[in-house]
file final-v1.cif (mmCIF, C-alpha atoms and all ligand atoms)
data_input
#
loop_
_atom_site.group_PDB
_atom_site.id
_atom_site.type_symbol
_atom_site.label_atom_id
_atom_site.label_comp_id
_atom_site.auth_asym_id
_atom_site.auth_seq_id
_atom_site.Cartn_x
_atom_site.Cartn_y
_atom_site.Cartn_z
ATOM 1 C CA MET M 1 2.334 -10.707 9.481
ATOM 2 C CA HIS M 2 4.567 -13.153 11.334
ATOM 3 C CA ARG M 3 6.645 -14.683 8.585
ATOM 4 C CA ASP M 4 7.637 -14.167 4.980
ATOM 5 C CA LEU M 5 5.394 -14.968 2.048
ATOM 6 C CA GLU M 6 7.560 -16.878 -0.413
ATOM 7 C CA LEU M 7 7.058 -17.572 -4.093
ATOM 8 C CA ALA M 8 9.471 -20.281 -5.252
ATOM 9 C CA ARG M 9 9.961 -21.090 -8.950
ATOM 10 C CA VAL M 10 6.389 -19.996 -9.626
ATOM 11 C CA GLY M 11 5.001 -20.286 -13.146
ATOM 12 C CA ARG M 12 1.563 -19.539 -14.574
ATOM 13 C CA ARG M 13 0.057 -20.206 -17.944
ATOM 14 C CA TYR M 14 -3.551 -20.099 -19.020
ATOM 15 C CA GLY M 15 -4.743 -23.327 -20.633
ATOM 16 C CA ILE M 16 -2.809 -26.560 -20.955
ATOM 17 C CA ARG M 17 -0.852 -25.460 -24.004
ATOM 18 C CA GLY M 18 -1.031 -21.723 -23.469
ATOM 19 C CA PRO M 19 2.202 -19.782 -23.469
ATOM 20 C CA TRP M 20 3.888 -19.267 -20.122
ATOM 21 C CA VAL M 21 2.993 -15.801 -18.834
ATOM 22 C CA LEU M 22 5.333 -16.162 -15.861
ATOM 23 C CA ARG M 23 8.013 -18.736 -15.183
ATOM 24 C CA GLY M 24 10.663 -19.260 -12.533
ATOM 25 C CA VAL M 25 9.453 -16.403 -10.352
ATOM 26 C CA ASP M 26 11.079 -16.158 -6.919
ATOM 27 C CA LEU M 27 9.806 -13.468 -4.595
ATOM 28 C CA THR M 28 9.975 -12.956 -0.846
ATOM 29 C CA LEU M 29 7.682 -10.502 0.922
ATOM 30 C CA THR M 30 8.806 -9.693 4.439
ATOM 31 C CA PRO M 31 6.698 -8.247 7.271
ATOM 32 C CA GLY M 32 6.571 -4.455 7.116
ATOM 33 C CA SER M 33 7.826 -4.220 3.519
ATOM 34 C CA LEU M 34 6.493 -2.177 0.610
ATOM 35 C CA THR M 35 7.086 -3.719 -2.817
ATOM 36 C CA ARG M 36 6.420 -2.188 -6.217
ATOM 37 C CA VAL M 37 5.955 -4.330 -9.331
ATOM 38 C CA GLU M 38 6.589 -2.736 -12.724
ATOM 39 C CA GLY M 39 6.536 -3.945 -16.316
ATOM 40 C CA ALA M 40 5.268 -3.053 -19.760
ATOM 41 C CA ASN M 41 1.604 -3.591 -20.697
ATOM 42 C CA GLY M 42 0.525 -7.211 -20.836
ATOM 43 C CA THR M 43 3.728 -8.605 -19.317
ATOM 44 C CA GLY M 44 1.953 -10.359 -16.444
ATOM 45 C CA LYS M 45 1.821 -7.898 -13.557
ATOM 46 C CA SER M 46 -1.842 -8.596 -12.789
ATOM 47 C CA THR M 47 -1.208 -12.318 -13.148
ATOM 48 C CA LEU M 48 1.573 -12.043 -10.557
ATOM 49 C CA LEU M 49 -0.557 -9.960 -8.192
ATOM 50 C CA ARG M 50 -3.432 -12.461 -8.376
ATOM 51 C CA LEU M 51 -0.977 -15.215 -7.381
ATOM 52 C CA VAL M 52 0.450 -13.093 -4.560
ATOM 53 C CA ALA M 53 -3.103 -12.312 -3.411
ATOM 54 C CA GLY M 54 -4.001 -16.016 -3.424
ATOM 55 C CA ILE M 55 -7.020 -15.671 -5.699
ATOM 56 C CA ASP M 56 -5.210 -17.651 -8.401
ATOM 57 C CA THR M 57 -2.898 -20.631 -8.037
ATOM 58 C CA PRO M 58 0.409 -21.241 -9.815
ATOM 59 C CA THR M 59 0.612 -23.766 -12.641
ATOM 60 C CA GLU M 60 3.980 -24.779 -11.204
ATOM 61 C CA GLY M 61 6.070 -23.822 -8.193
ATOM 62 C CA ARG M 62 5.056 -23.115 -4.612
ATOM 63 C CA ILE M 63 3.711 -20.264 -2.544
ATOM 64 C CA THR M 64 4.172 -20.590 1.218
ATOM 65 C CA GLY M 65 3.533 -18.519 4.322
ATOM 66 C CA ARG M 66 0.220 -16.979 3.321
ATOM 67 C CA PRO M 67 -0.939 -14.362 5.826
ATOM 68 C CA ARG M 68 -4.395 -12.756 6.056
ATOM 69 C CA THR M 69 -4.576 -11.140 2.643
ATOM 70 C CA ALA M 70 -6.692 -8.454 0.985
ATOM 71 C CA TYR M 71 -6.698 -7.465 -2.652
ATOM 72 C CA VAL M 72 -7.879 -4.572 -4.789
ATOM 73 C CA PRO M 73 -8.303 -5.966 -8.314
ATOM 74 C CA GLU M 74 -7.599 -3.952 -11.445
ATOM 75 C CA ARG M 75 -11.303 -4.150 -12.245
ATOM 76 C CA PHE M 76 -13.651 -4.118 -9.294
ATOM 77 C CA PRO M 77 -17.109 -5.661 -9.946
ATOM 78 C CA SER M 78 -19.034 -2.572 -8.930
ATOM 79 C CA ALA M 79 -22.563 -3.543 -10.008
ATOM 80 C CA LEU M 80 -23.220 -5.581 -6.876
ATOM 81 C CA PRO M 81 -26.715 -5.741 -5.358
ATOM 82 C CA PHE M 82 -25.640 -3.866 -2.214
ATOM 83 C CA THR M 83 -25.119 -0.402 -0.882
ATOM 84 C CA PRO M 84 -21.484 0.422 0.061
ATOM 85 C CA SER M 85 -22.440 0.347 3.726
ATOM 86 C CA GLY M 86 -24.223 -3.011 3.406
ATOM 87 C CA TYR M 87 -21.434 -4.520 1.314
ATOM 88 C CA LEU M 88 -18.606 -3.425 3.603
ATOM 89 C CA THR M 89 -20.502 -4.414 6.738
ATOM 90 C CA HIS M 90 -21.182 -7.844 5.267
ATOM 91 C CA LEU M 91 -17.507 -8.275 4.350
ATOM 92 C CA GLY M 92 -16.483 -7.174 7.830
ATOM 93 C CA THR M 93 -18.590 -9.939 9.365
ATOM 94 C CA VAL M 94 -17.056 -12.431 6.920
ATOM 95 C CA HIS M 95 -13.668 -11.329 8.302
ATOM 96 C CA GLY M 96 -14.902 -12.158 11.805
ATOM 97 C CA LEU M 97 -15.957 -8.728 13.039
ATOM 98 C CA SER M 98 -19.208 -8.331 14.946
ATOM 99 C CA ARG M 99 -21.927 -6.687 12.868
ATOM 100 C CA ARG M 100 -21.712 -3.566 14.960
ATOM 101 C CA SER M 101 -17.973 -3.101 14.650
ATOM 102 C CA ALA M 102 -18.096 -4.060 10.946
ATOM 103 C CA ALA M 103 -20.668 -1.289 10.390
ATOM 104 C CA ALA M 104 -18.531 1.186 12.361
ATOM 105 C CA ARG M 105 -15.406 0.321 10.369
ATOM 106 C CA ALA M 106 -17.336 0.531 7.091
ATOM 107 C CA ALA M 107 -18.499 4.021 8.047
ATOM 108 C CA ASP M 108 -14.939 5.035 9.070
ATOM 109 C CA TRP M 109 -13.376 3.936 5.801
ATOM 110 C CA LEU M 110 -16.088 5.517 3.671
ATOM 111 C CA GLU M 111 -15.531 8.728 5.619
ATOM 112 C CA ARG M 112 -11.741 8.557 5.197
ATOM 113 C CA PHE M 113 -12.127 8.232 1.443
ATOM 114 C CA GLY M 114 -14.743 10.970 1.192
ATOM 115 C CA ALA M 115 -17.549 8.581 0.209
ATOM 116 C CA ALA M 116 -19.723 8.764 3.333
ATOM 117 C CA ALA M 117 -22.461 10.581 1.405
ATOM 118 C CA TYR M 118 -22.886 7.489 -0.796
ATOM 119 C CA ALA M 119 -23.030 4.917 1.994
ATOM 120 C CA ALA M 120 -26.684 4.126 1.245
ATOM 121 C CA THR M 121 -26.622 4.488 -2.566
ATOM 122 C CA PRO M 122 -27.034 1.234 -4.545
ATOM 123 C CA MET M 123 -23.562 0.293 -5.791
ATOM 124 C CA ALA M 124 -24.752 -0.042 -9.388
ATOM 125 C CA GLN M 125 -25.499 3.703 -9.330
ATOM 126 C CA LEU M 126 -22.089 4.836 -8.080
ATOM 127 C CA SER M 127 -19.635 6.784 -10.215
ATOM 128 C CA LYS M 128 -16.424 4.998 -11.202
ATOM 129 C CA GLY M 129 -14.446 6.986 -8.652
ATOM 130 C CA THR M 130 -16.820 6.230 -5.788
ATOM 131 C CA SER M 131 -16.945 2.518 -6.572
ATOM 132 C CA GLN M 132 -13.134 2.513 -6.581
ATOM 133 C CA LYS M 133 -13.283 3.985 -3.074
ATOM 134 C CA VAL M 134 -15.487 1.042 -2.051
ATOM 135 C CA ALA M 135 -12.999 -1.340 -3.708
ATOM 136 C CA VAL M 136 -10.188 0.133 -1.651
ATOM 137 C CA ALA M 137 -12.237 0.267 1.564
ATOM 138 C CA GLN M 138 -13.146 -3.430 1.300
ATOM 139 C CA ALA M 139 -9.452 -4.307 1.258
ATOM 140 C CA LEU M 140 -8.500 -2.091 4.188
ATOM 141 C CA LEU M 141 -11.504 -2.935 6.348
ATOM 142 C CA ALA M 142 -10.045 -5.820 8.337
ATOM 143 C CA ASP M 143 -6.416 -4.621 8.747
ATOM 144 C CA PRO M 144 -4.924 -7.210 6.357
ATOM 145 C CA GLU M 145 -1.418 -8.541 6.971
ATOM 146 C CA LEU M 146 -0.777 -8.531 3.230
ATOM 147 C CA LEU M 147 -2.361 -5.874 1.020
ATOM 148 C CA VAL M 148 -2.190 -6.322 -2.753
ATOM 149 C CA LEU M 149 -3.063 -3.261 -4.857
ATOM 150 C CA ASP M 150 -3.475 -3.595 -8.633
ATOM 151 C CA GLU M 151 -3.755 -0.040 -10.011
ATOM 152 C CA ALA M 152 -5.829 0.802 -6.937
ATOM 153 C CA TRP M 153 -5.228 4.571 -7.269
ATOM 154 C CA THR M 154 -6.805 4.711 -10.730
ATOM 155 C CA GLY M 155 -10.061 6.684 -10.709
ATOM 156 C CA LEU M 156 -9.581 8.122 -7.209
ATOM 157 C CA ASP M 157 -9.616 11.887 -6.661
ATOM 158 C CA ALA M 158 -6.494 13.610 -5.288
ATOM 159 C CA GLU M 159 -7.602 13.471 -1.651
ATOM 160 C CA ALA M 160 -8.501 9.807 -1.836
ATOM 161 C CA ARG M 161 -5.184 9.044 -3.570
ATOM 162 C CA ALA M 162 -3.316 10.702 -0.707
ATOM 163 C CA GLU M 163 -5.489 8.840 1.810
ATOM 164 C CA LEU M 164 -4.651 5.514 0.171
ATOM 165 C CA GLU M 165 -0.939 6.368 0.378
ATOM 166 C CA ARG M 166 -1.410 7.066 4.092
ATOM 167 C CA ALA M 167 -3.256 3.767 4.521
ATOM 168 C CA VAL M 168 -0.328 1.953 2.847
ATOM 169 C CA ALA M 169 2.073 3.654 5.265
ATOM 170 C CA GLU M 170 -0.100 2.559 8.197
ATOM 171 C CA ARG M 171 -0.183 -1.059 7.028
ATOM 172 C CA THR M 172 3.586 -1.349 6.684
ATOM 173 C CA ALA M 173 4.161 0.487 9.972
ATOM 174 C CA ALA M 174 1.874 -2.084 11.616
ATOM 175 C CA GLY M 175 4.100 -4.873 10.282
ATOM 176 C CA GLY M 176 2.025 -5.783 7.240
ATOM 177 C CA ALA M 177 3.382 -6.196 3.715
ATOM 178 C CA VAL M 178 2.042 -4.189 0.782
ATOM 179 C CA VAL M 179 2.567 -4.998 -2.900
ATOM 180 C CA PHE M 180 1.403 -2.623 -5.607
ATOM 181 C CA VAL M 181 1.306 -1.968 -9.328
ATOM 182 C CA ASP M 182 0.632 1.564 -10.525
ATOM 183 C CA HIS M 183 1.014 3.188 -13.931
ATOM 184 C CA ASP M 184 2.260 6.425 -12.330
ATOM 185 C CA PRO M 185 6.010 6.155 -11.703
ATOM 186 C CA ARG M 186 5.683 8.891 -9.055
ATOM 187 C CA ARG M 187 3.384 6.756 -6.903
ATOM 188 C CA LEU M 188 5.102 6.423 -3.505
ATOM 189 C CA ALA M 189 8.365 7.150 -5.336
ATOM 190 C CA GLY M 190 11.405 6.603 -3.169
ATOM 191 C CA VAL M 191 9.416 4.755 -0.496
ATOM 192 C CA PRO M 192 9.308 1.074 -1.619
ATOM 193 C CA ASP M 193 11.775 -1.312 -0.022
ATOM 194 C CA ALA M 194 11.961 -3.259 -3.273
ATOM 195 C CA VAL M 195 11.037 -2.683 -6.903
ATOM 196 C CA HIS M 196 10.684 -5.643 -9.250
ATOM 197 C CA GLN M 197 10.117 -5.702 -12.975
ATOM 198 C CA VAL M 198 8.285 -8.336 -14.973
ATOM 199 C CA VAL M 199 10.451 -8.887 -18.042
ATOM 200 C CA ALA M 200 9.943 -11.698 -20.549
ATOM 201 C CA GLY M 201 7.973 -13.799 -18.084
ATOM 202 C CA THR M 202 10.403 -13.530 -15.191
ATOM 203 C CA LEU M 203 10.733 -11.178 -12.277
ATOM 204 C CA GLU M 204 13.896 -9.122 -11.977
ATOM 205 C CA PRO M 205 14.929 -6.711 -9.249
ATOM 206 C CA ARG M 206 15.117 -3.220 -10.673
ATOM 207 C CA THR M 207 18.756 -2.308 -10.608
ATOM 208 C CA ALA M 208 18.442 1.317 -11.734
ATOM 209 C CA GLN M 209 18.774 3.934 -9.034
ATOM 210 C CA ALA M 210 15.619 4.055 -6.937
ATOM 211 C CA ALA M 211 13.530 7.115 -7.713
ATOM 212 C CA PRO M 212 13.770 9.839 -5.086
ATOM 213 C CA PRO M 213 10.496 10.936 -3.506
ATOM 214 C CA VAL M 214 8.803 13.437 -5.817
ATOM 215 C CA GLY M 215 5.483 13.925 -4.034
ATOM 216 C CA PRO M 216 4.852 16.416 -1.270
ATOM 217 C CA LEU M 217 7.386 16.276 1.554
ATOM 218 C CA THR M 218 7.157 17.181 5.225
ATOM 219 C CA VAL M 219 10.048 18.072 7.509
ATOM 220 C CA VAL M 220 9.726 16.741 11.032
ATOM 221 C CA THR M 221 12.133 18.200 13.586
ATOM 222 C CA ALA M 222 12.389 16.136 16.763
ATOM 223 C CA ARG M 223 14.562 16.067 19.862
ATOM 224 C CA GLY M 224 15.364 12.749 21.458
ATOM 225 C CA PRO M 225 15.934 11.630 25.004
ATOM 226 C CA ALA M 226 19.599 11.796 26.091
ATOM 227 C CA GLY M 227 21.562 9.253 24.070
ATOM 228 C CA GLY M 228 18.346 8.205 22.296
ATOM 229 C CA ARG M 229 18.410 6.644 18.836
ATOM 230 C CA LEU M 230 15.780 7.483 16.271
ATOM 231 C CA PRO M 231 13.098 4.754 16.202
ATOM 232 C CA ALA M 232 13.432 2.546 13.110
ATOM 233 C CA ASP M 233 9.820 3.254 12.109
ATOM 234 C CA ALA M 234 10.712 6.949 11.942
ATOM 235 C CA THR M 235 13.897 6.591 9.891
ATOM 236 C CA ARG M 236 12.713 3.898 7.486
ATOM 237 C CA PRO M 237 10.203 6.013 5.527
ATOM 238 C CA SER M 238 12.382 9.142 5.714
ATOM 239 C CA ALA M 239 14.091 10.376 2.553
ATOM 240 C CA SER M 240 16.816 11.998 4.636
ATOM 241 C CA ALA M 241 17.755 12.590 8.254
ATOM 242 C CA ALA M 242 20.096 15.359 9.405
ATOM 243 C CA GLU M 243 21.295 16.175 12.916
ATOM 244 C CA PRO M 244 21.726 19.988 12.854
ATOM 245 C CA THR M 245 22.417 20.104 16.600
ATOM 246 C CA PRO M 246 23.337 17.138 18.798
ATOM 247 C CA GLY M 247 20.240 15.140 19.696
ATOM 248 C CA THR M 248 17.913 17.120 17.383
ATOM 249 C CA TYR M 249 17.041 15.573 14.038
ATOM 250 C CA ARG M 250 15.422 16.939 10.888
ATOM 251 C CA LEU M 251 13.646 14.145 9.038
ATOM 252 C CA THR M 252 12.452 14.789 5.496
ATOM 253 C CA VAL M 253 9.497 12.491 4.975
ATOM 254 C CA PRO M 254 7.055 11.823 2.107
ATOM 255 C CA ALA M 255 3.858 13.558 3.278
ATOM 256 C CA SER M 256 2.034 10.211 2.988
ATOM 257 C CA HIS M 257 4.252 8.884 5.785
ATOM 258 C CA SER M 258 4.337 11.883 8.143
ATOM 259 C CA ASP M 259 1.593 10.508 10.433
ATOM 260 C CA VAL M 260 3.443 7.204 10.738
ATOM 261 C CA VAL M 261 6.729 8.942 11.542
ATOM 262 C CA LEU M 262 5.083 11.194 14.154
ATOM 263 C CA ARG M 263 3.410 8.214 15.784
ATOM 264 C CA ALA M 264 6.725 6.327 15.891
ATOM 265 C CA LEU M 265 8.451 9.301 17.586
ATOM 266 C CA LEU M 266 5.662 9.988 20.072
ATOM 267 C CA THR M 267 5.124 6.366 21.066
ATOM 268 C CA ALA M 268 8.849 5.518 21.399
ATOM 269 C CA GLN M 269 9.982 4.576 24.902
ATOM 270 C CA PRO M 270 10.976 7.127 26.109
ATOM 271 C CA PRO M 271 9.068 9.341 23.655
ATOM 272 C CA TRP M 272 10.689 11.971 21.441
ATOM 273 C CA HIS M 273 9.766 15.641 21.579
ATOM 274 C CA VAL M 274 8.418 16.828 18.218
ATOM 275 C CA VAL M 275 9.710 20.386 17.808
ATOM 276 C CA SER M 276 7.990 21.211 14.521
ATOM 277 C CA VAL M 277 6.293 19.804 11.449
ATOM 278 C CA SER M 278 6.667 21.997 8.376
ATOM 279 C CA PRO M 279 6.957 21.941 4.593
ATOM 280 C CA PRO M 280 10.551 21.650 3.321
ATOM 281 C CA ASP M 281 12.710 24.779 3.089
ATOM 282 C CA VAL M 282 10.760 26.630 5.737
ATOM 283 C CA PRO M 283 12.983 27.058 8.789
ATOM 284 C CA PRO M 284 11.031 25.770 11.783
ATOM 285 C CA ASP M 285 11.292 29.084 13.654
ATOM 286 C CA GLU M 286 9.787 30.957 10.693
ATOM 287 C CA LYS M 287 6.893 28.685 9.969
ATOM 288 C CA ASP M 288 4.416 30.477 12.218
ATOM 289 C CA ARG M 289 5.274 33.980 11.023
ATOM 290 C CA PRO M 290 2.396 35.736 9.227
HETATM 291 N N1 LIG M 301 -7.650 -15.227 -17.400
HETATM 292 C C1 LIG M 301 -6.825 -15.219 -18.447
HETATM 293 N N2 LIG M 301 -6.976 -16.101 -19.442
HETATM 294 C C2 LIG M 301 -6.137 -16.125 -20.509
HETATM 295 N N3 LIG M 301 -5.103 -15.288 -20.640
HETATM 296 C C3 LIG M 301 -4.899 -14.377 -19.699
HETATM 297 C C4 LIG M 301 -5.752 -14.283 -18.544
HETATM 298 N N4 LIG M 301 -5.287 -13.278 -17.750
HETATM 299 C C5 LIG M 301 -4.217 -12.761 -18.383
HETATM 300 N N5 LIG M 301 -3.988 -13.410 -19.533
HETATM 301 C C6 LIG M 301 -2.888 -13.127 -20.472
HETATM 302 O O1 LIG M 301 -1.680 -13.085 -19.731
HETATM 303 C C7 LIG M 301 -0.826 -12.047 -20.220
HETATM 304 C C8 LIG M 301 -0.474 -11.112 -19.061
HETATM 305 O O2 LIG M 301 -1.647 -10.428 -18.643
HETATM 306 P P1 LIG M 301 -1.691 -9.545 -17.326
HETATM 307 O O3 LIG M 301 -3.056 -8.924 -17.258
HETATM 308 O O4 LIG M 301 -1.236 -10.348 -16.174
HETATM 309 O O5 LIG M 301 -0.587 -8.441 -17.663
HETATM 310 P P2 LIG M 301 -0.379 -6.971 -17.102
HETATM 311 O O6 LIG M 301 1.084 -6.716 -17.118
HETATM 312 O O7 LIG M 301 -1.086 -6.815 -15.814
HETATM 313 O O8 LIG M 301 -1.107 -6.096 -18.205
HETATM 314 P P3 LIG M 301 -1.639 -4.580 -18.128
HETATM 315 O O9 LIG M 301 -0.453 -3.719 -17.907
HETATM 316 O O10 LIG M 301 -2.239 -4.374 -19.493
HETATM 317 O O11 LIG M 301 -2.647 -4.530 -17.013
HETATM 318 C C9 LIG M 301 -1.590 -11.357 -21.342
HETATM 319 O O12 LIG M 301 -1.133 -11.902 -22.562
HETATM 320 C C10 LIG M 301 -3.013 -11.745 -21.090
HETATM 321 O O13 LIG M 301 -3.744 -11.789 -22.293
#

call {"tool": "encode", "arguments": {"input": "final-v1.cif", "output": "structure tokens"}}
result
Amino acid sequence: MHRDLELARVGRRYGIRGPWVLRGVDLTLTPGSLTRVEGANGTGKSTLLRLVAGIDTPTEGRITGRPRTAYVPERFPSALPFTPSGYLTHLGTVHGLSRRSAAARAADWLERFGAAAYAATPMAQLSKGTSQKVAVAQALLADPELLVLDEAWTGLDAEARAELERAVAERTAAGGAVVFVDHDPRRLAGVPDAVHQVVAGTLEPRTAQAAPPVGPLTVVTARGPAGGRLPADATRPSASAAEPTPGTYRLTVPASHSDVVLRALLTAQPPWHVVSVSPPDVPPDEKDRP
């Protein structure tokens, strides 16, 4: 994503005389940012996400700077006349991939979400959870610059939920923007760069204290090159960073983001030395004891 996506004074109503669902919405999504949208039932969250995703257009106002966008809708039309493999491969070619690399990516994503065994099952026969995995895979397939997730975790098993959190971390680390709605307040808690609430048809920044991370945490201990500064991609997702001895840092990271933090440390120029990766409250020198 090379520039911001901007919503300026956006309004949406359904039907010429329908009530305004949203009005006067201003929102800026910057490259690399994670944004959460909250709001009570029926306030217009899905309406907003459809506008952000570009599958609906505003009744008034402007949206500019659209990047390559992918979207997981609240309700995925699962009864399609395809198998997951055929569907994802077809979509990959629509996104400009060769058939061969589209098929390889389709297989990779189905594997990541634990749905490889259903690659050749007609989609109409899939369980709700497996079709949700296909819904998520179709959005991630072509490395979108903007990823819009409307309750995308709903129906996924625990491993697939964690995998989707990791995929979100990868997208933002790659400079993409991610916007999500989720009924679970613990979803990626403490990680979003911005949280907005839909209230009475407008969008307001949430002013209450941001929730601290409540999911599983990982402590990454790393030693830097002389005078080295922690790479921004390592500090940004971290809930805390301490420097117990000069040049050695302990980063406490949501487990969903540990791969991204490790990659940022190891690919920095010059690279950092990762001393240990452990659950919180386990001193690094004790973690290997039986
Ligand atoms: N296609 C549509 N045609 C007419 N009205 C619609 C349409 N889509 C949404 N609405 C109305 O717009 C309002 C906001 O709906 P929306 O689904 O955006 O809210 P939401 O916050 O996502 O709700 P929920 O939390 O229940 O998913 C509701 O009153 C809904 O009935």

call {"tool": "residues_near_ligand", "arguments": {"input": "final-v1.cif", "ligand": "ligand LIG 301 (chain M)", "cutoff": "8 Å", "atoms": "only C-alpha atoms and all ligand atoms", "output": "PyMOL selection string"}}
result
chain M and resi 13-15+21+39-48+74+198

call {"tool": "closest_residue", "arguments": {"input": "final-v1.cif", "among": "M:Thr221, M:Ser238, M:Thr93, M:Thr57", "to": "Ala189 (chain M)", "atoms": "all atoms listed in the file"}}
result
M:Ser238

call {"tool": "resolve_selection", "arguments": {"input": "final-v1.cif", "expression": "the PyMOL selection byres (((chain M and resi 115) around 10) and not hetatm)", "output": "list in words"}}
result
Pro84, Ala107, Asp108, Trp109, Leu110, Glu111, Arg112, Phe113, Gly114, Ala116, Ala117, Tyr118, Ala119, Gly129, Thr130, Ser131, Lys133, Val134, Ala137 and Ala160 of chain M

call {"tool": "closest_residue", "arguments": {"input": "final-v1.cif", "among": "M:Gly61, M:Met123, M:Thr154, M:Ala103", "to": "Pro77 (chain M)", "atoms": "only C-alpha atoms"}}
result
M:Met123

call {"tool": "resolve_selection", "arguments": {"input": "final-v1.cif", "expression": "the PyMOL selection byres (((chain M and resi 224) around 8) and not hetatm)", "output": "VMD selection string"}}
result
chain M and resid 222 to 223 225 to 230 247 to 248 271 to 273

call {"tool": "write_last_selection", "arguments": {"input": "final-v1.cif", "atoms": "C-alpha atoms", "output": "PDB file, in the coordinates of the input"}}
result
ATOM      1  CA  ALA M 222      12.389  16.136  16.763  1.00  0.00           C
ATOM      2  CA  ARG M 223      14.562  16.067  19.862  1.00  0.00           C
ATOM      3  CA  PRO M 225      15.934  11.630  25.004  1.00  0.00           C
ATOM      4  CA  ALA M 226      19.599  11.796  26.091  1.00  0.00           C
ATOM      5  CA  GLY M 227      21.562   9.253  24.070  1.00  0.00           C
ATOM      6  CA  GLY M 228      18.346   8.205  22.296  1.00  0.00           C
ATOM      7  CA  ARG M 229      18.410   6.644  18.836  1.00  0.00           C
ATOM      8  CA  LEU M 230      15.780   7.483  16.271  1.00  0.00           C
ATOM      9  CA  GLY M 247      20.240  15.140  19.696  1.00  0.00           C
ATOM     10  CA  THR M 248      17.913  17.120  17.383  1.00  0.00           C
ATOM     11  CA  PRO M 271       9.068   9.341  23.655  1.00  0.00           C
ATOM     12  CA  TRP M 272      10.689  11.971  21.441  1.00  0.00           C
ATOM     13  CA  HIS M 273       9.766  15.641  21.579  1.00  0.00           C
TER      14      HIS M 273
END

call {"tool": "closest_residue", "arguments": {"input": "final-v1.cif", "among": "M:Val178, M:Ile55, M:Leu164, M:Ala255", "to": "Ala135 (chain M)", "atoms": "all atoms listed in the file"}}
result
M:Leu164

call {"tool": "closest_residue", "arguments": {"input": "final-v1.cif", "among": "M:Leu203, M:Val195, M:Val25, M:Ala239", "to": "Leu217 (chain M)", "atoms": "only C-alpha atoms"}}
result
M:Ala239

call {"tool": "atom_distance", "arguments": {"input": "final-v1.cif", "atom1": "CA of Ser276 (chain M)", "atom2": "CA of Val253 (chain M)"}}
result
13.0 Å

call {"tool": "closest_atom_pairs", "arguments": {"input": "final-v1.cif", "of": "region 144-252 of chain M", "to": "region 5-10 of chain M", "cutoff": "10 Å", "atoms": "only C-alpha atoms", "output": "Markdown table"}}
result
| residue | atom | partner | partner_atom | distance |
| --- | --- | --- | --- | --- |
| M:Leu146 | CA | M:Leu5 | CA | 9.0 |
| M:Ala177 | CA | M:Leu5 | CA | 9.2 |
| M:Thr202 | CA | M:Val10 | CA | 9.4 |

call {"tool": "atom_distance", "arguments": {"input": "final-v1.cif", "atom1": "CA of Arg12 (chain M)", "atom2": "CA of Pro58 (chain M)"}}
result
5.2 Å

call {"tool": "resolve_selection", "arguments": {"input": "final-v1.cif", "expression": "the PyMOL selection byres (((chain M and resi 141) around 7) and not hetatm)", "output": "mmCIF file with C-alpha atoms, in the coordinates of the input"}}
result
data_model
loop_
_atom_site.group_PDB
_atom_site.id
_atom_site.type_symbol
_atom_site.label_atom_id
_atom_site.label_comp_id
_atom_site.auth_asym_id
_atom_site.auth_seq_id
_atom_site.Cartn_x
_atom_site.Cartn_y
_atom_site.Cartn_z
ATOM 1 C CA GLY M 92 -16.483 -7.174 7.830
ATOM 2 C CA ARG M 105 -15.406 0.321 10.369
ATOM 3 C CA ALA M 106 -17.336 0.531 7.091
ATOM 4 C CA ALA M 137 -12.237 0.267 1.564
ATOM 5 C CA GLN M 138 -13.146 -3.430 1.300
ATOM 6 C CA ALA M 139 -9.452 -4.307 1.258
ATOM 7 C CA LEU M 140 -8.500 -2.091 4.188
ATOM 8 C CA ALA M 142 -10.045 -5.820 8.337
ATOM 9 C CA ASP M 143 -6.416 -4.621 8.747
#

call {"tool": "atom_distance", "arguments": {"input": "final-v1.cif", "atom1": "CA of Arg66 (chain M)", "atom2": "CA of Leu51 (chain M)"}}
result
10.9 Å

call {"tool": "closest_residue", "arguments": {"input": "final-v1.cif", "among": "M:Val52, M:Leu88, M:Ala200, M:Val220", "to": "Ala102 (chain M)", "atoms": "only C-alpha atoms"}}
result
M:Leu88

call {"tool": "axis_aligned_box", "arguments": {"input": "final-v1.cif", "around": "region 44-61 of chain M", "padding_each_side": "4 Å", "output": "AutoDock Vina command-line options"}}
result
--center_x -0.5 --center_y -16.3 --center_z -9.9 --size_x 21.1 --size_y 24.9 --size_z 21.0

call {"tool": "residues_around", "arguments": {"input": "final-v1.cif", "residues": "Gly175 (chain M)", "least_positions_apart": "6", "cutoff": "7 Å", "atoms": "all atoms listed in the file", "output": "number ranges by chain"}}
result
M: 1, 31-32

call {"tool": "residues_around", "arguments": {"input": "final-v1.cif", "residues": "Ala242 (chain M)", "least_positions_apart": "6", "cutoff": "9 Å", "atoms": "all atoms listed in the file", "output": "JSON, numbers by chain"}}
result
{"M": [248, 249, 250, 251, 252]}

call {"tool": "closest_residue", "arguments": {"input": "final-v1.cif", "among": "M:Gln269, M:Thr30, M:Thr245, M:Thr35", "to": "Gly65 (chain M)", "atoms": "all atoms listed in the file"}}
result
M:Thr30
